[in-house]
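Below: one structure, written as structure tokens.
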Amino acid sequence: MAKFAATAQDAVAGIQDGATVLIGGFGNAGQPMELIDALMDCGATDLTVVNNNAGQADAGLALLIKERRVKKIICSFPRQSDSWHFDTAYRAGEIELELVPQGNLAERIRAAGAGIGGFFTPTGYGTMLAEGKETRMIDGKGYVLESPIYGDVALIKALTSDKKGNLVYRKTARNFGPIMAAAAKKSIVQVSGIVETGQLDPEVIVTPGIYVDTVVEIAPQAAEGEAH
Amino acid sequence: MAKFAATAQDAVAGIQDGATVLIGGFGNAGQPMELIDALMDCGATDLTVVNNNAGQADAGLALLIKERRVKKIICSFPRQSDSWHFDTAYRAGEIELELVPQGNLAERIRAAGAGIGGFFTPTGYGTMLAEGKETRMIDGKGYVLESPIYGDVALIKALTSDKKGNLVYRKTARNFGPIMAAAAKKSIVQVSGIVETGQLDPEVIVTPGIYVDTVVEIAPQAAEGEAH
Amino acid sequence: MSEKLSREDLARLVAQDIQPGSFVNLGIGQPTSVSNYLTAEQDITLHTENGMLGMGPEAHGDEIDQDLINAGKVPVTEVPGASYFHHADSFAMMRGGHLDVCVLGAFQVSATGDLANWHTGAPDAIPAVGGAMDLATGAKDVYVMMSLFAKDGTPKLVPECSYPLTGVGCVTRVYTNDAVFLLTPEGVRVRETFGTTLEELQSKMDIKLLPPTE
Amino acid sequence: MSEKLSREDLARLVAQDIQPGSFVNLGIGQPTSVSNYLTAEQDITLHTENGMLGMGPEAHGDEIDQDLINAGKVPVTEVPGASYFHHADSFAMMRGGHLDVCVLGAFQVSATGDLANWHTGAPDAIPAVGGAMDLATGAKDVYVMMSLFAKDGTPKLVPECSYPLTGVGCVTRVYTNDAVFLLTPEGVRVRETFGTTLEELQSKMDIKLLPPTE
């Protein structure tokens with residue numbers, strides 16, 4: 001049953017040291033920036049973070065990494081032109097990296113939410129990212145066994161929630177949100193707006209409220225913040 | 001690229017003897033009755049049919065079974081009060097039954113569309129439906145390895161298609177449609193209406209046109225046909 | 001309580017025991033009657049495995065819509081806040097452990113929570129499983145509603161199921177007209193009895209019954 | 001043709017070779033330029049793995065919407081008939097073999113279609129794979145666009161890749177400024193050459209080249 005928090009700080013209160021935190025977003029789209037900032041403020045450390053990337057520039061996840069609050073990151077694409085905080089931590093041996101092909105990352109998160117104990121994927125077969133993993137030929141094609149990625153907490157961003165926590169997203173900001181909401185014990189969602197129950201068409205709800213624990217409304221920033 | 005057929009008969013032309021046919025619907029909801037009737041008329045035989053049930057009363061799939069056009073059925077719930085044609089064929093040893101728990105059936109169909117070679121599911125573990133299957137303990141819990149169910153053809157029913165074959169469904173008639181469309185080499189869809197491309201909101205499309213091969217518009221019957 | 005519970009009172013008891021705000025799947029048959037006793041204050045969300053959360057009561061008259069049915073293929077209604085999804089997503093929701101409670105009927109339940117409710121095992125029976133195994137596997141709590149004794153007087157809560165299993169170690173509570181049983185790591189604990197005593201029940205059953213905790 | 005193809009002409013050639021009505025994913029970098037030469041008549045639908053079919057051209061000015069970006073995180077537009085889906089559904093679409101063509105860049109391609117395009121293997125490099133392995137695995141046809149020779153003159157279409165692999169046996173065609181190669185069960189067939197000859201190419205490469213079929 002979704003609860004509603006007054007602030008991002010209230011929403012993330014209770015995230016424990018050592019937690020596995022699934023963080024939505026791909027680029028800026030769908031990135032729950034205010035929730036990440038609140039996670040920074042709340043002081044939790046020794047985190048395992050699951051995200052497509054490993055932080056960019058001097059904001060959000062990059063700052064968590066800069067402050068050495070992330071002991072391990074599971075992602076597909078850590079190295080970017082502005083991933084300097086990750087690069088530094090990684091080269092210093094101060095952050096563990098589990099590199100996962102993006103589709104396997106998504107499917108592993110989905111598996112966690114769907115109660116699947118493991119699955120055979122063709123992606124990565126025959127590559128160094130399959131080294132040490134169980135493989136199998138199925139109908140003449142090579143597959144790698146991959147395991148679910150469960151989260152203690154998910155931080156995601158959606159467009160609108162109703163009072164039951166049913167969510168809709170906007171364009172490519174949907175990305176990891178729906179699967180992370182299902183894969184975490186506790187899903188914390190920042191939304192641009194909250195509407196009365198019944199205002200969202202039941203046919204278009206992407207994340208049913210059963211997957212949502214805490215919702216906080218964060219008014220969208222003016223466009224100036226978006227330029228970088 | 002979706003093509004548009006003038007009639008249900010045109011839509012199903014080309015289904016071969018021996019084909020595996022995924023048929024959508026749960027009860028009457030989402031059941032592509034006119035496409036099934038057309039499959040009956042087109043004469044294809046030795047079919048493997050995947051459906052939740054094994055035909056009801058004297059219509060649709062039940063008639064295909066009555067006429068011994070189905071050599072094997074993969075389903076979760078064959079036995080119903082009005083499944084007499086299946087019951088007769090089964091007791092006569094004239095139809096093969098692969099009984100699959102409904103959620104495993106859905107996940108196996110989903111796996112086929114998603115390129116997953118197999119998956120470990122807890123459902124059925126320790127039961128006679130797991131006999132002969134590979135099992136594994138994962139984190140102390142028992143799982144059964146299940147394989148994808150691919151279709152040569154899917155026959156499904158949606159509410160509306162645009163000219164690109166993008167589909168939306170209606171209420172619980174959605175059921176198996178989206179996953180069957182993705183799991184079959186050729187997806188044939190009957191819809192109640194066709195709209196211009198751009199008329200469906202990109203946020204609410206459930207089955208993108210990439211999964212749709214043939215669309216045929218079948219005007220909904222008057223309510224009289226729905227009473228049984 | 002001085003009498004065995006009626007079917008209605010049993011359904012009412014199960015309904016009362018469901019925590020407010022829960023997401024619940026009610027199996028076909030007797031469990032469906034639990035919905036009659038859920039209160040608005042409980043704010044329970046019902047799931048039907050054919051692709052819906054927020055299922056409302058059975059539809060009647062003009063409400064009937066053949067595209068809106070439950071897992072028993074009975075026309076139902078939707079409540080505000082409902083959502084629809086496809087079969088794989090619906091069973092992922094169950095299998096992934098997101099439902100709080102699933103209420104099921106049973107032929108037999110074992111002392112360790114094994115459930116038998118899909119197949120009598122009769123050699124000439126045509127088997128049909130539907131969503132039974134998925135329902136048994138997924139919910140955080142699986143409550144069984146059944147009569148405690150078969151027509152021939154043999155108990156249905158047993159050391160080991162003789163009928164083919166639906167799921168292993170999945171049942172957490174058994175609601176019967178005679179008593180409510182909690183299936184715990186310590187064993188089968190009687191929570192309360194109706195028109196009988198723990199001693200009387202123990203004399204008719206082949207499993208060790210633990211007394212209610214204070 | 002009497003000259004090596006320019007990058008623009010190479011992109012145009014790839015675009016022309018894509019069948020009308022195809023669903024296509026264009027990788028980051030040089031492959032993206034193929035979109036400049038797709039015609040309206042071809043009615044190609046572009047996929048971006050961060051959750052969209054029906055991607056339009058890059059967005060400029062007022063069109064820019066931070067919620068609408070491509071896999072390279074560049075703001076893009078949507079075309080009529082577009083649809084959005086989550087990451088697992090998007091990669092299921094790729095992995096399931098539903099895309100007709102994926103166009104990728106490469107460090108190396110082997111004669112049997114192995115692809116190396118994600119990692120130089122340098123010991124101090126921070127690895128990053130993104131969707132590269134998924135793109136290589138899923139599409140019905142994987143076309144590679146690359147220069148045929150590295151800056152040091154060594155060929156990049158090789159008997160066996162020395163760089164870490166992205167995928168095994170996945171590439172079906174290699175488009176270079178010097179020639180187009182078809183990777184067939186019989187071996188590497190030269191479809192056409194630009195400003196060179198099969199014999200000249202053969203003299204610079206370590207794999208057996210088969211002549212164009214009639």
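Convention: chains lettered A, B, ... in structure tokens order; per-chain residue numbering from 1; ligands numbered from 1 as shown.
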Spatial neighbours of region 132-139 of chain A, 12 Å, only C-alpha atoms, chain gap at least 4 places, as a JSON list (two decimals) with N, CA and C atoms, in the first residue's frame:
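In the end it all went to result.json:
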```
[["chain", "number", "residue", "atom", "x", "y", "z"],
["A", 118, "GLY", "N", 16.65, -17.77, -12.24],
["A", 118, "GLY", "CA", 17.78, -17.64, -13.15],
["A", 118, "GLY", "C", 17.28, -17.88, -14.56],
["A", 119, "PHE", "N", 18.06, -17.44, -15.56],
["A", 119, "PHE", "CA", 17.61, -17.61, -16.94],
["A", 119, "PHE", "C", 18.82, -17.71, -17.86],
["A", 120, "PHE", "N", 18.59, -18.38, -18.97],
["A", 120, "PHE", "CA", 19.64, -18.53, -19.97],
["A", 120, "PHE", "C", 19.48, -17.45, -21.05],
["A", 121, "THR", "N", 20.52, -16.63, -21.19],
["A", 121, "THR", "CA", 20.49, -15.54, -22.16],
["A", 121, "THR", "C", 21.61, -15.73, -23.18],
["A", 122, "PRO", "N", 21.34, -15.41, -24.43],
["A", 122, "PRO", "CA", 22.42, -15.54, -25.43],
["A", 122, "PRO", "C", 23.43, -14.38, -25.33],
["A", 123, "THR", "N", 23.01, -13.29, -24.71],
["A", 123, "THR", "CA", 23.86, -12.10, -24.68],
["A", 123, "THR", "C", 25.09, -12.32, -23.81],
["A", 124, "GLY", "N", 26.23, -12.10, -24.38],
["A", 124, "GLY", "CA", 27.48, -12.27, -23.64],
["A", 124, "GLY", "C", 28.12, -13.63, -23.83],
["A", 125, "TYR", "N", 27.37, -14.56, -24.42],
["A", 125, "TYR", "CA", 27.95, -15.89, -24.64],
["A", 125, "TYR", "C", 29.23, -15.78, -25.48],
["A", 126, "GLY", "N", 30.26, -16.46, -25.01],
["A", 126, "GLY", "CA", 31.52, -16.46, -25.76],
["A", 126, "GLY", "C", 32.38, -15.23, -25.52],
["A", 127, "THR", "N", 31.97, -14.39, -24.58],
["A", 127, "THR", "CA", 32.74, -13.16, -24.30],
["A", 127, "THR", "C", 33.33, -13.24, -22.89],
["A", 128, "MET", "N", 34.21, -12.28, -22.59],
["A", 128, "MET", "CA", 34.82, -12.28, -21.26],
["A", 128, "MET", "C", 33.82, -11.99, -20.16],
["A", 143, "TYR", "N", 24.17, -20.11, -24.65],
["A", 143, "TYR", "CA", 23.50, -19.24, -23.66],
["A", 143, "TYR", "C", 24.33, -19.21, -22.37],
["A", 144, "VAL", "N", 24.16, -18.14, -21.63],
["A", 144, "VAL", "CA", 24.80, -17.96, -20.33],
["A", 144, "VAL", "C", 23.70, -17.91, -19.26],
["A", 145, "LEU", "N", 23.95, -18.56, -18.14],
["A", 145, "LEU", "CA", 22.98, -18.50, -17.04],
["A", 145, "LEU", "C", 23.20, -17.23, -16.24],
["A", 146, "GLU", "N", 22.18, -16.44, -16.11],
["A", 146, "GLU", "CA", 22.26, -15.20, -15.33],
["A", 146, "GLU", "C", 21.26, -15.25, -14.18],
["A", 147, "SER", "N", 21.60, -14.56, -13.11],
["A", 147, "SER", "CA", 20.79, -14.62, -11.89],
["A", 147, "SER", "C", 20.04, -13.31, -11.67],
["B", 115, "GLY", "N", 13.69, -14.12, -26.37],
["B", 115, "GLY", "CA", 14.98, -14.70, -26.68],
["B", 115, "GLY", "C", 15.67, -15.38, -25.50],
["B", 116, "ILE", "N", 14.88, -15.76, -24.51],
["B", 116, "ILE", "CA", 15.42, -16.46, -23.33],
["B", 116, "ILE", "C", 15.38, -17.97, -23.62],
["B", 117, "GLY", "N", 16.51, -18.64, -23.40],
["B", 117, "GLY", "CA", 16.61, -20.05, -23.76],
["B", 117, "GLY", "C", 15.98, -20.99, -22.75],
["B", 118, "GLY", "N", 15.75, -20.52, -21.56],
["B", 118, "GLY", "CA", 15.15, -21.32, -20.50],
["B", 118, "GLY", "C", 15.22, -20.54, -19.21],
["B", 147, "SER", "N", 11.30, -24.35, -20.54],
["B", 147, "SER", "CA", 11.80, -23.91, -21.84],
["B", 147, "SER", "C", 10.80, -23.03, -22.56],
["B", 148, "PRO", "N", 11.28, -22.24, -23.51],
["B", 148, "PRO", "CA", 10.36, -21.35, -24.24],
["B", 148, "PRO", "C", 9.37, -22.14, -25.11]]
```
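Every residue of chain A that lies within 6 Å of chain D is listed here, counting only C-alpha atoms: Gly27, Ala29, Ser76, Phe77, Pro78, Arg79, Pro101, Gln102, Gly103, Ala106, Glu107, Thr123, Gly124, Thr127, Lys171, Thr172, Ala173, Arg174, Asn175 and Phe176 of chain A.
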Convert the current residue selection to file output with N, CA and C atoms, as a short mmCIF file (atom, residue, chain, number, x, y, z; two decimals), in the first residue's frame.
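Result saved to out_0.cif:
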```cif
data_model
loop_
_atom_site.label_atom_id
_atom_site.label_comp_id
_atom_site.auth_asym_id
_atom_site.auth_seq_id
_atom_site.Cartn_x
_atom_site.Cartn_y
_atom_site.Cartn_z
N GLY A 27 20.62 8.22 -18.68
CA GLY A 27 20.92 9.63 -18.87
C GLY A 27 20.10 10.41 -17.85
N ALA A 29 17.03 11.14 -18.31
CA ALA A 29 15.63 10.74 -18.42
C ALA A 29 15.29 9.70 -17.36
N SER A 76 26.02 -1.19 -16.67
CA SER A 76 26.45 -1.61 -18.01
C SER A 76 27.48 -0.68 -18.61
N PHE A 77 27.47 0.58 -18.17
CA PHE A 77 28.31 1.56 -18.87
C PHE A 77 28.87 2.59 -17.90
N PRO A 78 29.89 2.19 -17.12
CA PRO A 78 30.45 3.13 -16.14
C PRO A 78 31.25 4.26 -16.77
N ARG A 79 31.98 3.95 -17.81
CA ARG A 79 32.96 4.90 -18.34
C ARG A 79 32.30 5.88 -19.30
N PRO A 101 26.04 -6.59 -19.41
CA PRO A 101 25.42 -6.07 -20.63
C PRO A 101 24.03 -5.51 -20.32
N GLN A 102 23.69 -4.42 -20.94
CA GLN A 102 22.50 -3.67 -20.55
C GLN A 102 21.21 -4.49 -20.57
N GLY A 103 21.08 -5.34 -21.59
CA GLY A 103 19.88 -6.16 -21.66
C GLY A 103 19.86 -7.25 -20.59
N ALA A 106 18.81 -5.49 -17.43
CA ALA A 106 17.36 -5.29 -17.39
C ALA A 106 16.64 -6.60 -17.10
N GLU A 107 17.07 -7.67 -17.75
CA GLU A 107 16.38 -8.95 -17.58
C GLU A 107 16.63 -9.53 -16.19
N THR A 123 23.01 -13.29 -24.71
CA THR A 123 23.86 -12.10 -24.68
C THR A 123 25.09 -12.32 -23.81
N GLY A 124 26.23 -12.10 -24.38
CA GLY A 124 27.48 -12.27 -23.64
C GLY A 124 28.12 -13.63 -23.83
N THR A 127 31.97 -14.39 -24.58
CA THR A 127 32.74 -13.16 -24.30
C THR A 127 33.33 -13.24 -22.89
N LYS A 171 7.59 9.14 -21.92
CA LYS A 171 8.54 8.89 -23.02
C LYS A 171 9.67 7.95 -22.58
N THR A 172 10.90 8.25 -22.98
CA THR A 172 11.99 7.32 -22.66
C THR A 172 12.44 7.43 -21.20
N ALA A 173 11.77 8.25 -20.41
CA ALA A 173 12.04 8.27 -18.97
C ALA A 173 11.46 7.03 -18.26
N ARG A 174 10.72 6.22 -18.99
CA ARG A 174 10.17 4.99 -18.40
C ARG A 174 11.31 4.03 -18.05
N ASN A 175 12.19 3.83 -18.95
CA ASN A 175 13.34 2.92 -18.93
C ASN A 175 13.37 1.87 -17.81
N PHE A 176 14.16 2.03 -16.78
CA PHE A 176 14.30 0.99 -15.76
C PHE A 176 13.23 1.07 -14.65
#
```
Quick one: DSSP strand (DSSP E or B) residues in region 33-153 of chain A, as a ChimeraX atom specification?
-> /A:47-50,53,70-75,77,96-99,118-121,135-138,141-146,151-153
Residue contacts of Gln202 (chain C) (12 Å, only C-alpha atoms) excluding same-chain residues fewer than 3 positions away, as a PyMOL selection string | chain C and resi 155+157-158+178-179+188-190+193+196-199+205-211
Kindly save the residues from that selection, with N, CA, C and O atoms included, as an mmCIF file, in the first residue's frame.
```cif
data_model
loop_
_atom_site.group_PDB
_atom_site.id
_atom_site.type_symbol
_atom_site.label_atom_id
_atom_site.label_comp_id
_atom_site.auth_asym_id
_atom_site.auth_seq_id
_atom_site.Cartn_x
_atom_site.Cartn_y
_atom_site.Cartn_z
ATOM 1 N N PRO C 155 -9.176 -36.923 8.395
ATOM 2 C CA PRO C 155 -8.742 -35.525 8.399
ATOM 3 C C PRO C 155 -8.065 -35.133 7.084
ATOM 4 O O PRO C 155 -7.475 -35.981 6.398
ATOM 5 N N LEU C 157 -6.033 -32.327 7.109
ATOM 6 C CA LEU C 157 -4.745 -31.764 7.540
ATOM 7 C C LEU C 157 -3.946 -32.955 8.059
ATOM 8 O O LEU C 157 -4.299 -33.543 9.082
ATOM 9 N N VAL C 158 -2.909 -33.330 7.334
ATOM 10 C CA VAL C 158 -2.317 -34.666 7.460
ATOM 11 C C VAL C 158 -0.793 -34.597 7.599
ATOM 12 O O VAL C 158 -0.183 -33.585 7.255
ATOM 13 N N ASP C 178 -13.899 -26.139 12.131
ATOM 14 C CA ASP C 178 -13.629 -26.620 13.493
ATOM 15 C C ASP C 178 -12.544 -25.837 14.209
ATOM 16 O O ASP C 178 -12.524 -25.795 15.434
ATOM 17 N N ALA C 179 -11.617 -25.296 13.441
ATOM 18 C CA ALA C 179 -10.476 -24.637 14.079
ATOM 19 C C ALA C 179 -9.649 -23.894 13.039
ATOM 20 O O ALA C 179 -9.757 -24.161 11.834
ATOM 21 N N VAL C 188 2.312 -27.529 13.878
ATOM 22 C CA VAL C 188 0.954 -27.053 13.626
ATOM 23 C C VAL C 188 0.354 -26.558 14.937
ATOM 24 O O VAL C 188 0.152 -27.335 15.872
ATOM 25 N N ARG C 189 0.100 -25.274 14.977
ATOM 26 C CA ARG C 189 -0.429 -24.670 16.189
ATOM 27 C C ARG C 189 -1.915 -24.357 15.994
ATOM 28 O O ARG C 189 -2.313 -23.799 14.973
ATOM 29 N N VAL C 190 -2.725 -24.754 16.983
ATOM 30 C CA VAL C 190 -4.154 -24.419 16.939
ATOM 31 C C VAL C 190 -4.311 -22.995 17.461
ATOM 32 O O VAL C 190 -3.894 -22.684 18.579
ATOM 33 N N THR C 193 -10.465 -22.846 18.403
ATOM 34 C CA THR C 193 -11.355 -23.939 17.997
ATOM 35 C C THR C 193 -12.798 -23.442 18.053
ATOM 36 O O THR C 193 -13.109 -22.471 18.753
ATOM 37 N N THR C 196 -15.448 -27.277 19.556
ATOM 38 C CA THR C 196 -14.674 -28.471 19.847
ATOM 39 C C THR C 196 -13.489 -28.039 20.713
ATOM 40 O O THR C 196 -13.391 -26.868 21.085
ATOM 41 N N THR C 197 -12.665 -28.995 21.058
ATOM 42 C CA THR C 197 -11.490 -28.662 21.873
ATOM 43 C C THR C 197 -10.247 -29.187 21.182
ATOM 44 O O THR C 197 -10.322 -30.049 20.295
ATOM 45 N N LEU C 198 -9.134 -28.690 21.625
ATOM 46 C CA LEU C 198 -7.875 -29.163 21.073
ATOM 47 C C LEU C 198 -7.756 -30.667 21.293
ATOM 48 O O LEU C 198 -7.337 -31.409 20.390
ATOM 49 N N GLU C 199 -8.162 -31.133 22.479
ATOM 50 C CA GLU C 199 -8.032 -32.548 22.805
ATOM 51 C C GLU C 199 -8.898 -33.404 21.870
ATOM 52 O O GLU C 199 -8.474 -34.441 21.388
ATOM 53 N N MET C 205 -6.941 -36.691 14.793
ATOM 54 C CA MET C 205 -5.942 -36.314 13.770
ATOM 55 C C MET C 205 -4.615 -37.016 14.014
ATOM 56 O O MET C 205 -4.285 -37.396 15.133
ATOM 57 N N ASP C 206 -3.870 -37.145 12.937
ATOM 58 C CA ASP C 206 -2.619 -37.900 12.992
ATOM 59 C C ASP C 206 -1.399 -36.992 13.108
ATOM 60 O O ASP C 206 -0.272 -37.449 12.941
ATOM 61 N N ILE C 207 -1.609 -35.737 13.331
ATOM 62 C CA ILE C 207 -0.474 -34.841 13.508
ATOM 63 C C ILE C 207 -0.538 -34.245 14.899
ATOM 64 O O ILE C 207 -1.607 -34.075 15.476
ATOM 65 N N LYS C 208 0.622 -33.950 15.411
ATOM 66 C CA LYS C 208 0.724 -33.336 16.734
ATOM 67 C C LYS C 208 0.228 -31.892 16.661
ATOM 68 O O LYS C 208 0.711 -31.111 15.822
ATOM 69 N N LEU C 209 -0.718 -31.542 17.501
ATOM 70 C CA LEU C 209 -1.237 -30.171 17.524
ATOM 71 C C LEU C 209 -0.633 -29.415 18.702
ATOM 72 O O LEU C 209 -0.625 -29.917 19.829
ATOM 73 N N LEU C 210 -0.147 -28.224 18.429
ATOM 74 C CA LEU C 210 0.388 -27.368 19.490
ATOM 75 C C LEU C 210 -0.721 -26.451 19.987
ATOM 76 O O LEU C 210 -1.583 -26.024 19.202
ATOM 77 N N PRO C 211 -0.722 -26.133 21.275
ATOM 78 C CA PRO C 211 -1.791 -25.281 21.813
ATOM 79 C C PRO C 211 -1.608 -23.828 21.385
ATOM 80 O O PRO C 211 -0.513 -23.430 20.991
#
```
Region 153-163 of chain B: which residues within 9 Å, counting only C-alpha atoms, same-chain residues fewer than 5 positions away excluded, as an MDAnalysis selection string?
-> (chainID B and resid 2:4 12 15 19:25 29:33 35:36 168:170 173:174 176:178 180:200 209 215 217) or (chainID D and resid 81)
Please run DSSP on the backbone and report, as an mmCIF file with C-alpha atoms, in the first residue's frame, all residues within region 22-223 of chain A that come out as helix (DSSP H, G or I).
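Saved the output as selection_9.cif:
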```cif
data_model
loop_
_atom_site.group_PDB
_atom_site.id
_atom_site.type_symbol
_atom_site.label_atom_id
_atom_site.label_comp_id
_atom_site.auth_asym_id
_atom_site.auth_seq_id
_atom_site.Cartn_x
_atom_site.Cartn_y
_atom_site.Cartn_z
ATOM 1 C CA MET A 33 17.805 13.189 -8.846
ATOM 2 C CA GLU A 34 16.114 14.551 -5.724
ATOM 3 C CA LEU A 35 15.864 11.070 -4.200
ATOM 4 C CA ILE A 36 19.555 10.460 -4.899
ATOM 5 C CA ASP A 37 20.413 13.780 -3.289
ATOM 6 C CA ALA A 38 18.326 12.785 -0.284
ATOM 7 C CA LEU A 39 20.122 9.448 -0.108
ATOM 8 C CA MET A 40 23.345 11.457 -0.037
ATOM 9 C CA ASP A 41 22.006 13.539 2.846
ATOM 10 C CA CYS A 42 20.701 10.584 4.842
ATOM 11 C CA LEU A 61 25.208 9.148 -8.085
ATOM 12 C CA ALA A 62 28.613 10.627 -8.957
ATOM 13 C CA LEU A 63 28.657 12.411 -5.594
ATOM 14 C CA LEU A 64 27.720 9.244 -3.716
ATOM 15 C CA ILE A 65 30.701 7.605 -5.387
ATOM 16 C CA LYS A 66 32.944 10.589 -4.716
ATOM 17 C CA TRP A 84 35.556 11.116 -13.310
ATOM 18 C CA HIS A 85 34.468 10.310 -9.767
ATOM 19 C CA PHE A 86 33.843 6.703 -10.663
ATOM 20 C CA ASP A 87 37.066 6.525 -12.677
ATOM 21 C CA THR A 88 39.076 7.791 -9.727
ATOM 22 C CA ALA A 89 37.446 5.465 -7.207
ATOM 23 C CA TYR A 90 37.804 2.504 -9.544
ATOM 24 C CA ARG A 91 41.461 3.098 -10.323
ATOM 25 C CA GLN A 102 22.495 -3.670 -20.550
ATOM 26 C CA GLY A 103 19.877 -6.163 -21.661
ATOM 27 C CA ASN A 104 21.074 -8.758 -19.159
ATOM 28 C CA LEU A 105 20.979 -6.052 -16.502
ATOM 29 C CA ALA A 106 17.357 -5.289 -17.385
ATOM 30 C CA GLU A 107 16.381 -8.951 -17.584
ATOM 31 C CA ARG A 108 18.096 -9.771 -14.277
ATOM 32 C CA ILE A 109 16.176 -6.967 -12.588
ATOM 33 C CA ARG A 110 12.977 -8.164 -14.218
ATOM 34 C CA ALA A 111 13.698 -11.736 -13.055
ATOM 35 C CA ALA A 112 13.981 -10.566 -9.452
ATOM 36 C CA GLY A 113 10.578 -8.939 -9.586
ATOM 37 C CA ALA A 114 9.056 -11.893 -11.421
ATOM 38 C CA MET A 128 34.816 -12.283 -21.264
ATOM 39 C CA LEU A 129 31.662 -11.170 -19.461
ATOM 40 C CA ALA A 130 30.542 -14.808 -19.411
ATOM 41 C CA LYS A 171 8.535 8.887 -23.016
ATOM 42 C CA THR A 172 11.988 7.320 -22.656
ATOM 43 C CA ALA A 173 12.043 8.266 -18.965
ATOM 44 C CA GLY A 177 11.488 2.326 -13.537
ATOM 45 C CA PRO A 178 8.877 -0.411 -13.897
ATOM 46 C CA ILE A 179 11.276 -3.327 -13.477
ATOM 47 C CA MET A 180 13.144 -1.750 -10.571
ATOM 48 C CA ALA A 181 9.884 -1.011 -8.751
ATOM 49 C CA ALA A 182 9.070 -4.721 -8.936
ATOM 50 C CA ALA A 183 12.547 -5.957 -7.999
ATOM 51 C CA GLY A 209 0.516 0.353 -7.054
ATOM 52 C CA ILE A 210 1.319 -3.091 -5.640
ATOM 53 C CA TYR A 211 4.924 -2.352 -6.587
ATOM 54 C CA ALA A 223 14.325 23.990 -17.879
#
```
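One finds CA of Gln19 (chain D) at 21.6 Å from CA of Ala5 (chain B).
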From the list A:Val206, A:Leu47, A:Val100, A:Leu167, which residue is nearest chain B when using only C-alpha atoms?
-> A:Val206
